[in-house]
>>> print(open('run.csv').read())   # CSV, C-alpha atoms
chain,number,residue,atom,x,y,z
A,385,MET,CA,0.0,0.0,0.0
A,386,ALA,CA,1.3,3.5,-0.8
A,387,ASP,CA,1.7,6.1,1.8
A,388,THR,CA,2.9,9.7,2.2
A,389,GLY,CA,6.0,10.9,4.0
A,390,THR,CA,4.1,12.5,6.8
A,391,GLY,CA,5.5,11.3,10.1
A,392,ALA,CA,9.0,10.3,8.8
A,393,THR,CA,11.9,11.3,11.0
A,394,LEU,CA,15.6,11.7,10.8
A,395,THR,CA,17.9,11.0,13.7
A,396,LEU,CA,21.6,11.8,13.8
A,397,ALA,CA,23.2,10.0,16.7
A,398,THR,CA,25.9,12.6,17.5
A,399,THR,CA,24.5,15.9,16.0
A,400,GLY,CA,21.0,15.4,17.4
A,401,ALA,CA,18.1,17.5,16.3
A,402,ILE,CA,18.5,19.6,13.2
A,403,GLY,CA,15.3,21.6,13.3
A,404,THR,CA,12.0,21.1,11.6
A,405,ILE,CA,12.3,19.0,8.5
A,406,LYS,CA,10.1,19.8,5.4
A,407,SER,CA,11.4,17.0,3.1
A,408,MET,CA,14.0,14.4,2.6
A,409,LYS,CA,15.3,13.1,-0.7
A,410,LEU,CA,16.5,9.6,0.0
A,411,PRO,CA,19.7,8.1,-1.5
A,412,GLU,CA,20.0,6.1,-4.6
A,413,ILE,CA,21.8,2.7,-4.1
A,414,LYS,CA,23.8,1.6,-7.1
A,415,VAL,CA,26.6,-0.6,-8.3
A,416,GLU,CA,29.0,0.5,-11.0
A,417,ASP,CA,29.4,-1.3,-14.3
A,418,ILE,CA,32.8,-2.8,-15.3
A,419,GLU,CA,33.1,-3.3,-19.1
A,420,THR,CA,34.5,-6.8,-20.0
A,421,SER,CA,34.4,-6.3,-23.8
A,422,GLY,CA,37.5,-7.6,-25.6
A,423,LEU,CA,38.8,-7.5,-29.1
A,424,ALA,CA,36.8,-10.7,-29.9
A,425,THR,CA,33.5,-9.3,-28.5
A,426,THR,CA,30.9,-8.8,-31.2
A,427,GLY,CA,27.4,-7.3,-31.3
A,428,GLN,CA,27.2,-5.6,-27.9
A,429,LYS,CA,29.6,-4.6,-25.1
A,430,THR,CA,29.7,-6.9,-22.2
A,431,PHE,CA,29.7,-5.9,-18.5
A,432,ILE,CA,29.9,-7.3,-15.0
A,433,ALA,CA,28.8,-5.6,-11.7
A,434,ALA,CA,31.5,-4.0,-9.6
A,435,ASP,CA,32.4,-5.5,-6.3
A,436,LEU,CA,31.0,-2.7,-4.1
A,437,VAL,CA,27.7,-0.9,-3.8
A,438,GLU,CA,27.5,2.9,-3.4
A,439,VAL,CA,24.8,4.5,-1.3
A,440,GLY,CA,24.2,8.0,-2.5
A,441,ASP,CA,23.5,11.2,-0.6
A,442,LEU,CA,20.5,12.0,1.7
A,443,GLU,CA,19.2,15.6,1.1
A,444,VAL,CA,17.2,17.2,3.9
A,445,GLU,CA,15.3,20.4,3.5
A,446,VAL,CA,14.9,22.2,6.9
A,447,PHE,CA,13.0,25.4,7.9
A,448,PHE,CA,15.7,28.0,8.7
A,449,SER,CA,15.6,30.0,11.9
A,450,THR,CA,17.9,33.0,12.6
A,451,THR,CA,17.3,32.7,16.3
A,452,THR,CA,18.8,29.2,16.7
A,453,ASN,CA,22.1,27.6,15.7
A,454,ASP,CA,20.8,25.0,13.3
A,455,LEU,CA,24.1,24.8,11.5
A,456,GLU,CA,26.0,21.6,12.1
A,457,ASP,CA,29.5,20.3,12.2
A,458,PHE,CA,31.0,18.8,9.0
A,459,GLY,CA,32.7,15.5,8.6
A,460,THR,CA,31.8,13.7,11.8
A,461,SER,CA,30.8,10.1,11.1
A,462,GLU,CA,27.7,9.1,13.0
A,463,THR,CA,24.7,6.8,12.8
A,464,VAL,CA,22.0,8.2,10.4
A,465,THR,CA,18.5,6.8,10.9
A,466,VAL,CA,15.6,7.6,8.6
A,467,THR,CA,12.4,6.2,10.1
A,468,PHE,CA,9.5,5.9,7.7
A,469,PRO,CA,5.8,6.2,8.7
A,470,LYS,CA,4.2,2.9,9.4
A,471,GLU,CA,1.5,1.7,6.9
A,472,VAL,CA,-0.2,-0.4,9.6
A,473,ALA,CA,-0.6,1.8,12.7
A,474,THR,CA,-0.7,-1.3,15.0
A,475,ASN,CA,2.7,-2.7,13.9
A,476,ALA,CA,5.4,-2.4,16.5
A,477,VAL,CA,8.4,-1.9,14.2
A,478,ALA,CA,8.5,1.1,11.9
A,479,PRO,CA,10.5,0.7,8.6
A,480,LYS,CA,14.0,2.2,8.8
A,481,LEU,CA,17.1,3.0,6.7
A,482,VAL,CA,20.1,3.0,9.0
A,483,GLY,CA,23.8,3.5,8.3
A,484,SER,CA,26.8,5.7,9.1
A,485,GLY,CA,27.3,9.0,7.4
A,486,TYR,CA,28.5,12.6,7.8
A,487,ILE,CA,27.2,16.0,7.0
A,488,LYS,CA,28.8,16.9,3.7
A,489,VAL,CA,27.1,20.1,2.6
A,490,GLN,CA,25.0,22.9,4.3
A,491,LYS,CA,23.4,25.3,2.0
A,492,PHE,CA,22.1,28.6,3.5
A,493,PRO,CA,18.6,29.6,2.5
A,494,ASP,CA,17.8,31.8,-0.5
A,495,LEU,CA,16.2,35.1,0.5
A,496,ALA,CA,13.1,36.2,-1.4
A,497,VAL,CA,10.0,38.2,-0.6
A,498,GLY,CA,7.0,35.9,0.2
A,499,GLU,CA,9.1,32.7,0.6
A,500,LEU,CA,10.1,30.8,3.7
A,501,GLN,CA,13.8,30.5,4.4
A,502,MET,CA,14.9,26.9,3.9
A,503,TYR,CA,18.3,25.5,4.3
A,504,THR,CA,19.6,22.2,2.9
A,505,LEU,CA,21.8,19.5,4.5
A,506,THR,CA,23.4,16.9,2.4
A,507,ILE,CA,24.5,13.8,4.3
A,508,LYS,CA,26.8,11.3,2.7
A,509,TYR,CA,26.5,7.6,3.7
A,510,ASP,CA,30.1,6.7,4.3
A,511,GLY,CA,29.9,2.8,4.2
A,512,ILE,CA,31.7,2.4,7.5
A,513,THR,CA,28.5,0.9,8.9
A,514,ALA,CA,26.6,-0.3,5.8
A,515,ALA,CA,23.2,1.3,5.2
A,516,THR,CA,20.6,-1.3,5.9
A,517,TRP,CA,16.8,-1.4,5.4
A,518,THR,CA,14.5,-2.9,8.0
A,519,GLN,CA,11.0,-3.5,6.9
A,520,GLU,CA,7.9,-2.7,9.0
A,521,ALA,CA,6.9,-5.6,11.2
A,522,ALA,CA,4.2,-6.6,13.8
A,523,SER,CA,6.7,-7.3,16.6
>>> encode(input="run.csv", output="structure tokens")
Amino acid sequence: MADTGTGATLTLATTGAIGTIKSMKLPEIKVEDIETSGLATTGQKTFIAADLVEVGDLEVEVFFSTTTNDLEDFGTSETVTVTFPKEVATNAVAPKLVGSGYIKVQKFPDLAVGELQMYTLTIKYDGITAATWTQEAAS
């Protein structure tokens, strides 16, 4: 069953709270291609998958406040937990994406008349603790 993102949370083990989150763009998980074509290959190039998987960046859009210090430290590896909203409210275990990562980019808000100030954090999953998916469960 499809669901919205309402109720999703982000927890950074060391940094702690980062303010009120408006949206999160979750990472893409991919493996690179290694070309295996040789001089005798005909018709189409041939490939194998690389040995390692790369987990992309997590982008978080946050409401900016000039009265608090929402800006974070860069480069400190910590546990990054994205908790998804449960599809079945009575299930005890919410689905999660958990791995280690660090704050890679902080973009200050653009300033414009009639628009809320939003800043963006980009978090890089560093692979020290592999990003893992835990599905929603009853217990």
>>> atom_distance(input="run.csv", atom1="CA of Phe448 (chain A)", atom2="CA of Pro493 (chain A)")
7.0 Å
>>> residues_around(input="run.csv", residues="Thr390 (chain A)", least_positions_apart="3", cutoff="9 Å", atoms="only C-alpha atoms", output="ChimeraX atom specification")
/A:387,393,468-469
>>> closest_residue(input="run.csv", among="A:Lys480, A:Lys409, A:Lys508, A:Lys414", to="Val444 (chain A)", atoms="only C-alpha atoms")
A:Lys409
>>> residues_around(input="run.csv", residues="Leu500 (chain A)", least_positions_apart="6", cutoff="12 Å", atoms="all atoms listed in the file", output="list in words")
Lys406, Glu445, Val446, Phe447, Phe448, Ser449, Pro493 and Asp494 of chain A
>>> residues_around(input="run.csv", residues="Thr513 (chain A)", least_positions_apart="4", cutoff="10 Å", atoms="all atoms listed in the file", output="PyMOL selection string")
chain A and resi 461-464+482-485+509
>>> closest_residue(input="run.csv", among="A:Thr395, A:Gly427, A:Glu416, A:Lys488", to="Thr460 (chain A)", atoms="all atoms listed in the file")
A:Lys488
>>> closest_residue(input="run.csv", among="A:Leu423, A:Val472, A:Ile413, A:Leu436", to="Thr516 (chain A)", atoms="only C-alpha atoms")
A:Ile413
>>> atom_distance(input="run.csv", atom1="CA of Thr506 (chain A)", atom2="CA of Thr388 (chain A)")
21.7 Å
>>> build_atoms(input="run.csv", residues="region 400-426 of chain A", atoms="N, CA and C atoms", output="PDB file, in the frame of the given file")
ATOM      1  N   GLY A 400      22.333  15.181  16.800  1.00  0.00           N
ATOM      2  CA  GLY A 400      21.000  15.400  17.400  1.00  0.00           C
ATOM      3  C   GLY A 400      20.042  16.048  16.512  1.00  0.00           C
ATOM      4  N   ALA A 401      19.139  16.835  17.081  1.00  0.00           N
ATOM      5  CA  ALA A 401      18.100  17.500  16.300  1.00  0.00           C
ATOM      6  C   ALA A 401      18.645  18.518  15.367  1.00  0.00           C
ATOM      7  N   ILE A 402      18.046  18.635  14.188  1.00  0.00           N
ATOM      8  CA  ILE A 402      18.500  19.600  13.200  1.00  0.00           C
ATOM      9  C   ILE A 402      17.450  20.622  12.836  1.00  0.00           C
ATOM     10  N   GLY A 403      16.378  20.679  13.575  1.00  0.00           N
ATOM     11  CA  GLY A 403      15.300  21.600  13.300  1.00  0.00           C
ATOM     12  C   GLY A 403      14.111  20.911  12.686  1.00  0.00           C
ATOM     13  N   THR A 404      13.191  21.697  12.157  1.00  0.00           N
ATOM     14  CA  THR A 404      12.000  21.100  11.600  1.00  0.00           C
ATOM     15  C   THR A 404      12.189  20.800  10.125  1.00  0.00           C
ATOM     16  N   ILE A 405      12.041  19.534   9.817  1.00  0.00           N
ATOM     17  CA  ILE A 405      12.300  19.000   8.500  1.00  0.00           C
ATOM     18  C   ILE A 405      11.049  19.179   7.614  1.00  0.00           C
ATOM     19  N   LYS A 406      11.237  19.709   6.409  1.00  0.00           N
ATOM     20  CA  LYS A 406      10.100  19.800   5.400  1.00  0.00           C
ATOM     21  C   LYS A 406      10.120  18.590   4.517  1.00  0.00           C
ATOM     22  N   SER A 407      11.311  18.180   4.061  1.00  0.00           N
ATOM     23  CA  SER A 407      11.400  17.000   3.100  1.00  0.00           C
ATOM     24  C   SER A 407      12.722  16.374   3.189  1.00  0.00           C
ATOM     25  N   MET A 408      12.750  15.127   2.735  1.00  0.00           N
ATOM     26  CA  MET A 408      14.000  14.400   2.600  1.00  0.00           C
ATOM     27  C   MET A 408      14.002  13.701   1.245  1.00  0.00           C
ATOM     28  N   LYS A 409      15.123  13.826   0.541  1.00  0.00           N
ATOM     29  CA  LYS A 409      15.300  13.100  -0.700  1.00  0.00           C
ATOM     30  C   LYS A 409      16.292  11.959  -0.356  1.00  0.00           C
ATOM     31  N   LEU A 410      15.775  10.743  -0.406  1.00  0.00           N
ATOM     32  CA  LEU A 410      16.500   9.600   0.000  1.00  0.00           C
ATOM     33  C   LEU A 410      17.583   9.179  -1.015  1.00  0.00           C
ATOM     34  N   PRO A 411      18.604   8.445  -0.575  1.00  0.00           N
ATOM     35  CA  PRO A 411      19.700   8.100  -1.500  1.00  0.00           C
ATOM     36  C   PRO A 411      19.322   7.074  -2.519  1.00  0.00           C
ATOM     37  N   GLU A 412      20.103   7.094  -3.566  1.00  0.00           N
ATOM     38  CA  GLU A 412      20.000   6.100  -4.600  1.00  0.00           C
ATOM     39  C   GLU A 412      21.125   5.056  -4.259  1.00  0.00           C
ATOM     40  N   ILE A 413      20.800   3.782  -4.345  1.00  0.00           N
ATOM     41  CA  ILE A 413      21.800   2.700  -4.100  1.00  0.00           C
ATOM     42  C   ILE A 413      22.113   2.101  -5.430  1.00  0.00           C
ATOM     43  N   LYS A 414      23.422   2.078  -5.755  1.00  0.00           N
ATOM     44  CA  LYS A 414      23.800   1.600  -7.100  1.00  0.00           C
ATOM     45  C   LYS A 414      25.114   0.849  -7.051  1.00  0.00           C
ATOM     46  N   VAL A 415      25.327   0.083  -8.096  1.00  0.00           N
ATOM     47  CA  VAL A 415      26.600  -0.600  -8.300  1.00  0.00           C
ATOM     48  C   VAL A 415      27.108  -0.139  -9.681  1.00  0.00           C
ATOM     49  N   GLU A 416      28.401   0.088  -9.768  1.00  0.00           N
ATOM     50  CA  GLU A 416      29.000   0.500 -11.000  1.00  0.00           C
ATOM     51  C   GLU A 416      29.134  -0.648 -11.987  1.00  0.00           C
ATOM     52  N   ASP A 417      29.232  -0.321 -13.265  1.00  0.00           N
ATOM     53  CA  ASP A 417      29.400  -1.300 -14.300  1.00  0.00           C
ATOM     54  C   ASP A 417      30.932  -1.399 -14.636  1.00  0.00           C
ATOM     55  N   ILE A 418      31.414  -2.614 -14.864  1.00  0.00           N
ATOM     56  CA  ILE A 418      32.800  -2.800 -15.300  1.00  0.00           C
ATOM     57  C   ILE A 418      32.674  -3.469 -16.714  1.00  0.00           C
ATOM     58  N   GLU A 419      33.216  -2.784 -17.702  1.00  0.00           N
ATOM     59  CA  GLU A 419      33.100  -3.300 -19.100  1.00  0.00           C
ATOM     60  C   GLU A 419      34.117  -4.477 -19.222  1.00  0.00           C
ATOM     61  N   THR A 420      33.632  -5.582 -19.814  1.00  0.00           N
ATOM     62  CA  THR A 420      34.500  -6.800 -20.000  1.00  0.00           C
ATOM     63  C   THR A 420      34.650  -7.076 -21.510  1.00  0.00           C
ATOM     64  N   SER A 421      34.263  -6.129 -22.361  1.00  0.00           N
ATOM     65  CA  SER A 421      34.400  -6.300 -23.800  1.00  0.00           C
ATOM     66  C   SER A 421      35.865  -6.474 -24.184  1.00  0.00           C
ATOM     67  N   GLY A 422      36.133  -7.386 -25.074  1.00  0.00           N
ATOM     68  CA  GLY A 422      37.500  -7.600 -25.600  1.00  0.00           C
ATOM     69  C   GLY A 422      37.492  -7.442 -27.098  1.00  0.00           C
ATOM     70  N   LEU A 423      38.633  -7.622 -27.671  1.00  0.00           N
ATOM     71  CA  LEU A 423      38.800  -7.500 -29.100  1.00  0.00           C
ATOM     72  C   LEU A 423      37.913  -8.540 -29.854  1.00  0.00           C
ATOM     73  N   ALA A 424      37.612  -9.659 -29.216  1.00  0.00           N
ATOM     74  CA  ALA A 424      36.800 -10.700 -29.900  1.00  0.00           C
ATOM     75  C   ALA A 424      35.312 -10.528 -29.636  1.00  0.00           C
ATOM     76  N   THR A 425      34.928  -9.562 -28.786  1.00  0.00           N
ATOM     77  CA  THR A 425      33.500  -9.300 -28.500  1.00  0.00           C
ATOM     78  C   THR A 425      32.837  -8.754 -29.749  1.00  0.00           C
ATOM     79  N   THR A 426      31.672  -9.281 -30.078  1.00  0.00           N
ATOM     80  CA  THR A 426      30.900  -8.800 -31.200  1.00  0.00           C
ATOM     81  C   THR A 426      29.489  -8.474 -30.811  1.00  0.00           C
TER      82      THR A 426
END
